[in-house]
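A short write-up of the structure that comes next.
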2 protein chains.
Amino acid sequence: MIETATKPAVTVETASLDSIATPALILDVARVDRNIARLRGRLSDLGVQFRPHVKTGKSVDVARRFFPEGSGPITVSTLAEADYFASHGFNDITYAVGLAPEKIGRASALVAQGVDLTVLIDSVEQAGALADAAGRGVAMPAVLIEVDCDGHRGGLLPDDPALILIADMLRDGGVALRGVLTHAGESYACRDGAGLPEAAEAERAAAVGAAQALRAKGHPCPVVSVGSTPTAHFARNLDGVTEVRAGVFVFFDLVMHGIGVCATDDIALSVLATVIGHRPQKGWILTDAGWMALSRDRGTQAHPVDQGYGLVCDVDGVPFGDVIVGDASQEHGILTIRPGSTAALPELALGQRVRVFPNHACATGAQHETYQIVETGSRAIVAHWPRMRGW
Amino acid sequence: MIETATKPAVTVETASLDSIATPALILDVARVDRNIARLRGRLSDLGVQFRPHVKTGKSVDVARRFFPEGSGPITVSTLAEADYFASHGFNDITYAVGLAPEKIGRASALVAQGVDLTVLIDSVEQAGALADAAGRGVAMPAVLIEVDCDGHRGGLLPDDPALILIADMLRDGGVALRGVLTHAGESYACRDGAGLPEAAEAERAAAVGAAQALRAKGHPCPVVSVGSTPTAHFARNLDGVTEVRAGVFVFFDLVMHGIGVCATDDIALSVLATVIGHRPQKGWILTDAGWMALSRDRGTQAHPVDQGYGLVCDVDGVPFGDVIVGDASQEHGILTIRPGSTAALPELALGQRVRVFPNHACATGAQHETYQIVETGSRAIVAHWPRMRGW
């Protein structure tokens, strides 16, 4: 029986992949544990702290696989996640999305209740809003300045004069500067591992360069935070970095497989579906898992191997080979042979069950309320883990 | 104050689009009412019953805009929707996804509690499973046979001999055949209205042809059900059809706009977002509404006008013109000028709010727990309407 952190463990004697209602979100906890151990070992060898991003799981039960006890450190993508994880005992939290000034009040409330919260900014306007709030005596989070290492979305270039200007404004306003943060989001555009060591080095160099620029002007910079799942798995040297964030590695998915970060049998998350029809002339098998269960994410669309809306496996999680969810309506999945393959569509009878590996675990998980927990190779449902959502 | 069906109306005195937390799902109820009145008027003129598909709204409050009182008729996409709407007094329900045999028990439970439930099948295997259940004395739903009018997903061609075989099996097994159902899903591939009257006629002809084939063999066929939002708005003649289903018309969206079914100012659903950063050298404005708030749906990707992850409006819902959500991370939206446009990016300060029209209302709505209800042109939040989810 897998321990459930959110409520007393409930034994689910008879539930199995053969009996539960479909579509359903299935999580292989043995793979979760293995994925965590793999990255934890890497980061330990590299001598940096691990601050997992809990936006992928959005579940205290998943987070407790990293931290069987204790209070973090964790990374979140919304203040709703911060509230939820704080209510479950996590109190070392970095909110790694640029702060809207209107959200300072909610951030302050978390600090006032004892959370060691760090927020992210990349503009003098945000620094000014924080300094104003500090001037009103509000409980203040610590601040990281976002650095752009690859042009992916927000952040300042390491040599942008605004970096120092922001640090000056925070100091003068009485707001604690904790350091710098960057995210190599463009690493997702790599293929088969090529370019990932270089992306990791560029991520490291940008963060360390910004930290050096701050320190040269007398500013403290105890935290130098980098991270993405691809670069975390391919970094060769993290000198000067103090912590690594990564999220999707906990479940992995077909995008990560296409980039070259994991094998398909590392993928811990799948959607259980039931066959509801056949169109043999078209080479289609229809299931009850459409995009509402799989998500609309087509993250492998531009990959050399396009997985459609997901890679189809038997009920035990073993891929058939070239069978994908070729198209999806809201509540219909259409199983097809991958274009170009000469494989035959498997014989799948009405009512038979399959599992689908997702393109993007963060997106597919978000379509569901609950994880059904299994161990690799077993059909028994050993626990139900709820997910949180919203903002 | 808008009446809320699910709980006593709560006056939300001070909430407005300027003050609520973002991202948030905004619903313009005046546009909902106008969209309903438009299609209701068309179908009344065409002399057919209207059975709206509630999978778009997934909300009893939205459904009560069609039916201020009474029990339907409605269409659902999951048995969880059937359970939810039945619990709110709707008891004339068609479950319009091919029935998995394992779901007969849940369908039967709804019938046993007094719901007039109709299910959908297209195979002799499903007919056999229903006949077996009837033989065990289980309370039985009525049955529609799915007809394929355009090769979109499931269903039998109108002249498929299996149509009669299924009807015979149902009759011999003591299961009530209620008629035929088809869905012109390929109408979504039309552009600017071209081809839609023809798609509607093909949909009508397939359903009526199948009904005639059944009647010629002595089978009852009181229901001839067709429907998609595009064909419902472009059908010129529905002779022989008894009811029309449509779902997304209630909110409309950018896909429907691209097909030529609605104007942008018919779109009732939007996502409220806050500006969190700027990258002027890249021509980007960053907001706090990423794909988690907008969905991963890229339904206009193959349209002549690709709307990215959505069309950007001011806080009052007036489009800026060529500003779209050009890219999205989980909690970041990147506002850009549409490729090829010479328009300038508007000046949007840190903290300023915008609204985003979605590609696909069904997908975007599903990312949220609650509708924030406004009237066109007003920023006051007049009600909160919860959504249901799951299976």
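Going through the structure tokens in order, the chains are called A, B, and so on, while each chain numbers its residues from 1 and the ligands are numbered from 1 in the order shown.
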
Counting only C-alpha atoms, give me one row per residue of chain B with an atom at most 6 Å from an atom of chain A, showing the shortest contact pair and its distance in Å to one decimal, sorted by chain then residue number, as CSV.
```
residue,atom,partner,partner_atom,distance
B:Gly98,CA,A:Ile276,CA,5.9
B:Ala100,CA,A:Ile276,CA,5.1
B:Ile276,CA,A:Ala100,CA,5.1
B:Arg296,CA,A:Arg296,CA,5.0
B:Asp297,CA,A:Arg296,CA,5.2
B:Gly351,CA,A:Ala100,CA,5.8
```

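Within 7 Å of Ala207 in chain B, once only C-alpha atoms are used and residues closer than 3 positions along the same chain are dropped, the contacting residues are B:Val147, B:Val180, B:Leu181, B:Thr182, B:Glu203, B:Arg204, B:Ala210, B:Ala211, B:Val224.
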
Would you save the residues from that selection as an mmCIF file, in the first residue's frame, using N, CA and C atoms?
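Dumped everything to out23.cif:
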```
data_model
loop_
_atom_site.group_PDB
_atom_site.id
_atom_site.type_symbol
_atom_site.label_atom_id
_atom_site.label_comp_id
_atom_site.auth_asym_id
_atom_site.auth_seq_id
_atom_site.Cartn_x
_atom_site.Cartn_y
_atom_site.Cartn_z
ATOM 1 N N VAL B 147 -24.548 7.059 -37.309
ATOM 2 C CA VAL B 147 -24.390 7.040 -38.759
ATOM 3 C C VAL B 147 -23.228 7.965 -39.122
ATOM 4 N N VAL B 180 -31.638 7.254 -35.192
ATOM 5 C CA VAL B 180 -30.274 7.387 -35.715
ATOM 6 C C VAL B 180 -29.718 8.775 -35.355
ATOM 7 N N LEU B 181 -28.386 8.841 -35.324
ATOM 8 C CA LEU B 181 -27.680 10.082 -34.965
ATOM 9 C C LEU B 181 -26.448 10.214 -35.837
ATOM 10 N N THR B 182 -26.193 11.420 -36.329
ATOM 11 C CA THR B 182 -24.938 11.671 -37.042
ATOM 12 C C THR B 182 -24.400 13.047 -36.664
ATOM 13 N N GLU B 203 -25.151 15.839 -44.111
ATOM 14 C CA GLU B 203 -25.475 15.346 -42.766
ATOM 15 C C GLU B 203 -26.955 14.929 -42.717
ATOM 16 N N ARG B 204 -27.814 15.807 -43.229
ATOM 17 C CA ARG B 204 -29.251 15.512 -43.247
ATOM 18 C C ARG B 204 -29.530 14.250 -44.060
ATOM 19 N N ALA B 210 -30.486 6.657 -43.503
ATOM 20 C CA ALA B 210 -30.400 5.542 -42.555
ATOM 21 C C ALA B 210 -31.764 5.284 -41.912
ATOM 22 N N ALA B 211 -32.474 6.372 -41.583
ATOM 23 C CA ALA B 211 -33.801 6.210 -40.978
ATOM 24 C C ALA B 211 -34.739 5.495 -41.950
ATOM 25 N N VAL B 224 -34.411 11.333 -35.574
ATOM 26 C CA VAL B 224 -33.378 11.505 -36.606
ATOM 27 C C VAL B 224 -32.587 12.739 -36.175
#
```

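By only C-alpha atoms, and with residues fewer than 4 positions from Val138 in chain B along its chain excluded, the set lying at most 9 Å from it is Gly105, Ser108, Ala109, Ala112, Ala133 and Ala134 of chain B.
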
Can I get the selection written as a compact mmCIF listing (two decimals), in the first residue's frame, with N, CA and C atoms?
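Output file out-v2.txt follows:
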```txt
# COMPACT_ATOMS: atom_id res chain seq x y z
N GLY B 105 -23.69 -0.44 -16.93
CA GLY B 105 -24.15 -0.38 -15.54
C GLY B 105 -24.47 1.03 -15.09
N SER B 108 -27.55 2.27 -16.90
CA SER B 108 -28.74 1.63 -16.33
C SER B 108 -29.15 2.29 -15.01
N ALA B 109 -28.15 2.64 -14.20
CA ALA B 109 -28.46 3.29 -12.92
C ALA B 109 -29.17 4.63 -13.14
N ALA B 112 -32.71 3.81 -14.02
CA ALA B 112 -33.43 3.34 -12.83
C ALA B 112 -33.86 4.51 -11.94
N ALA B 133 -27.56 -7.45 -21.36
CA ALA B 133 -27.95 -6.75 -20.13
C ALA B 133 -29.46 -6.74 -19.98
N ALA B 134 -30.18 -6.51 -21.10
CA ALA B 134 -31.64 -6.52 -21.03
C ALA B 134 -32.13 -7.90 -20.60
```

Using the chain letters and numbers from this document, which residues of range 238-390 of chain A does DSSP assign to helix (DSSP H, G or I), as a PyMOL selection string? chain A and resi 248-250+254-259+264-266+280-282+291-294+361-365

Could those residues be written to a file, using C-alpha atoms, as a short mmCIF file (atom, residue, chain, number, x, y, z; two decimals), in the first residue's frame?
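Full text of out_1.cif as output:
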```cif
data_model
loop_
_atom_site.label_atom_id
_atom_site.label_comp_id
_atom_site.auth_asym_id
_atom_site.auth_seq_id
_atom_site.Cartn_x
_atom_site.Cartn_y
_atom_site.Cartn_z
CA VAL A 248 8.62 17.18 -15.78
CA PHE A 249 11.46 14.70 -15.10
CA VAL A 250 9.35 13.28 -12.26
CA LEU A 254 7.10 11.75 -25.11
CA VAL A 255 8.55 15.24 -25.57
CA MET A 256 11.37 14.37 -23.17
CA HIS A 257 11.79 11.05 -24.97
CA GLY A 258 12.01 12.86 -28.32
CA ILE A 259 14.63 15.25 -26.95
CA THR A 264 9.71 5.30 -23.05
CA ASP A 265 9.89 2.90 -20.12
CA ASP A 266 10.85 5.79 -17.86
CA PRO A 280 -11.34 -1.11 -40.24
CA GLN A 281 -11.57 0.47 -43.71
CA LYS A 282 -9.94 3.57 -42.31
CA TRP A 291 -8.33 15.39 -25.87
CA MET A 292 -10.25 16.04 -22.66
CA ALA A 293 -8.35 13.11 -21.13
CA LEU A 294 -5.08 13.48 -23.09
CA ALA A 361 2.90 15.19 -18.66
CA CYS A 362 2.19 18.67 -17.21
CA ALA A 363 -0.66 19.22 -19.67
CA THR A 364 -2.16 15.74 -19.52
CA GLY A 365 -2.09 15.61 -15.73
#
```

Distance of CA of Ala167 in chain A from CA of Ala127 in chain A, expressed in Å to one decimal place: 8.2 Å

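The two atoms in question, CA of Lys217 in chain B and CA of Ile104 in chain B, are spaced 27.1 Å apart.
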
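For the atom pair formed by CA of Ala80 in chain A and CA of Leu110 in chain A, the distance is 10.7 Å, given to one decimal.
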
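Backbone DSSP over range 133-205 of chain B yields strand (DSSP E) at B:Ala142, B:Val143, B:Leu144, B:Ile145, B:Glu146, B:Val147, B:Leu177, B:Arg178, B:Gly179, B:Val180, B:Leu181, B:Thr182.
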
Let's have the selection written as a PDB file, in the first residue's frame, with C-alpha atoms.
```pdb
ATOM      1  CA  ALA B 142     -32.999   3.703 -25.361  1.00  0.00           C
ATOM      2  CA  VAL B 143     -30.576   3.416 -28.286  1.00  0.00           C
ATOM      3  CA  LEU B 144     -29.581   5.526 -31.275  1.00  0.00           C
ATOM      4  CA  ILE B 145     -27.473   3.993 -34.025  1.00  0.00           C
ATOM      5  CA  GLU B 146     -24.571   6.200 -35.067  1.00  0.00           C
ATOM      6  CA  VAL B 147     -24.390   7.040 -38.759  1.00  0.00           C
ATOM      7  CA  LEU B 177     -34.354   1.466 -30.771  1.00  0.00           C
ATOM      8  CA  ARG B 178     -35.065   5.181 -30.844  1.00  0.00           C
ATOM      9  CA  GLY B 179     -33.474   6.167 -34.120  1.00  0.00           C
ATOM     10  CA  VAL B 180     -30.274   7.387 -35.715  1.00  0.00           C
ATOM     11  CA  LEU B 181     -27.680  10.082 -34.965  1.00  0.00           C
ATOM     12  CA  THR B 182     -24.938  11.671 -37.042  1.00  0.00           C
TER      13      THR B 182
END
```
